[in-house]
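Below: one structure, written as structure tokens.
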Amino acid sequence: MHIVVHFYSYFKDLTGCAETTATLPAGSKIDDLLKQLAPRYPELDAMKRSTLIAVGVEYQARDYVLHEGEEVSLFPPVQGG
Amino acid sequence: MKKQLTITTEPIDEAALLSGRLVSDGMGAVVYFLGVVRGTEENQAISAIEYEAFQRMVEHQFNLLFDQMEKRWPIESVRLVHRVGVVKVNQPSLWVEVVAPHRGEAFAACQWLIDEMKRVVPIWKKARP
């Protein structure tokens, strides 16, 4: 399945892009996606403890099972106000 | 509960917001908060802050927070305006108003909303020297 991944805030600087795509086997979890992205974006991997994860517009945990066409967003802690 | 959310690149027009205030006879408290960009960030002088938002998720997360507010307090209305883009020092980046029957719940709800916003609403800032 194909997953679109969006980056926000300084994660765009760490990855050098605002979005990328990943191809994963059916039944893969967010954690599998992060493991696939880690060698491609080592600076992003270094931030994994503080990374917030959303699928669509909802926060999700790393054990969330992804589905074809879903959009994942990765970003640092929020700072509104 | 009436809810009004505005995410905008335009300056916050306090006069227009105040003139648009609606308070019914049963309401005894209006609390509003203005967040202003400070001239320093981590002890460094700055000229402005650039706010970035994940717009669709911002709207969704604010609506979830408004739903929780409505369950916790007898609020008549909430209005919230958050700037995105470049906001200069001394300019407002956030305006929040809560109308409720009594001051206790109005203050509590306003404070809670801002605290939760800073925890879950996907807006980020970048200081400009």
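By order of appearance in the structure tokens: chains A, B, ..., then residues from 1 within every chain, and ligands from 1 in the order shown.
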key: Which of chain A fall in alpha helix (DSSP H), as a VMD selection string   = chain A and resid 11 to 15 30 to 37 42 to 45
Return as JSON lines the residues of region 42-87 of chain B lying at most 12 Å from region 70-75 of chain A, together with the closest atom-to-atom pair for each and the distance in Å to one decimal, counting only C-alpha atoms, with rows in chain order and ascending residue number.
{"residue": "B:Glu52", "atom": "CA", "partner": "A:Phe75", "partner_atom": "CA", "distance": 11.5}
{"residue": "B:Ala53", "atom": "CA", "partner": "A:Phe75", "partner_atom": "CA", "distance": 11.0}
{"residue": "B:Phe54", "atom": "CA", "partner": "A:Ser73", "partner_atom": "CA", "distance": 9.3}
{"residue": "B:Arg56", "atom": "CA", "partner": "A:Ser73", "partner_atom": "CA", "distance": 11.7}
{"residue": "B:Met57", "atom": "CA", "partner": "A:Ser73", "partner_atom": "CA", "distance": 10.0}
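With only C-alpha atoms as the atoms that count, the residue of B:Ala15, B:Val120, B:Met69, B:Ala127 with the shortest distance to chain A is B:Val120.
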task = Specify as an NGL selection string all residues of chain A found within 7 Å of chain B, counting only C-alpha atoms.
result = :A and (9 or 57 or 78-81)
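Between CA of Ala38 (chain A) and CA of Val4 (chain A) lies a distance of 15.5 Å.
Put simply, CA of Pro76 (chain A) is 29.0 Å away from CA of Arg72 (chain B).
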message = At a cut-off of 9 Å, using only C-alpha atoms, what residues contact Gln44 (chain B)? Leave out same-chain residues fewer than 4 positions from it and give the result as JSON, numbers by chain.
response = {"B": [39, 40, 129]}
message = Could you list, as a PyMOL selection string, every residue within 12 Å of Gln36 (chain A), counting only C-alpha atoms and ignoring same-chain residues fewer than 5 positions away?
response = chain A and resi 3+5+20-25+28-31+41-42+44-45
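The space between CA of Phe62 (chain B) and CA of Ser77 (chain B) spans 13.9 Å.
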inquiry  = Applying 12 Å and only C-alpha atoms, which residues near Ala109 (chain B) remain after dropping the ones on its own chain fewer than 3 positions away? List them as a count of residues only.
reply    = 36
inquiry  = Given only C-alpha atoms as the basis, pick out the residue of B:Gln4, B:Gln111, B:Thr9, B:Gln91 nearest to Ser47 (chain B).
reply    = B:Gln91
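The nearest approach to Phe11 (chain A) among the residues A:Arg40, A:Tyr59, A:Gly27, A:Met47, with only C-alpha atoms taken into account, belongs to A:Met47.
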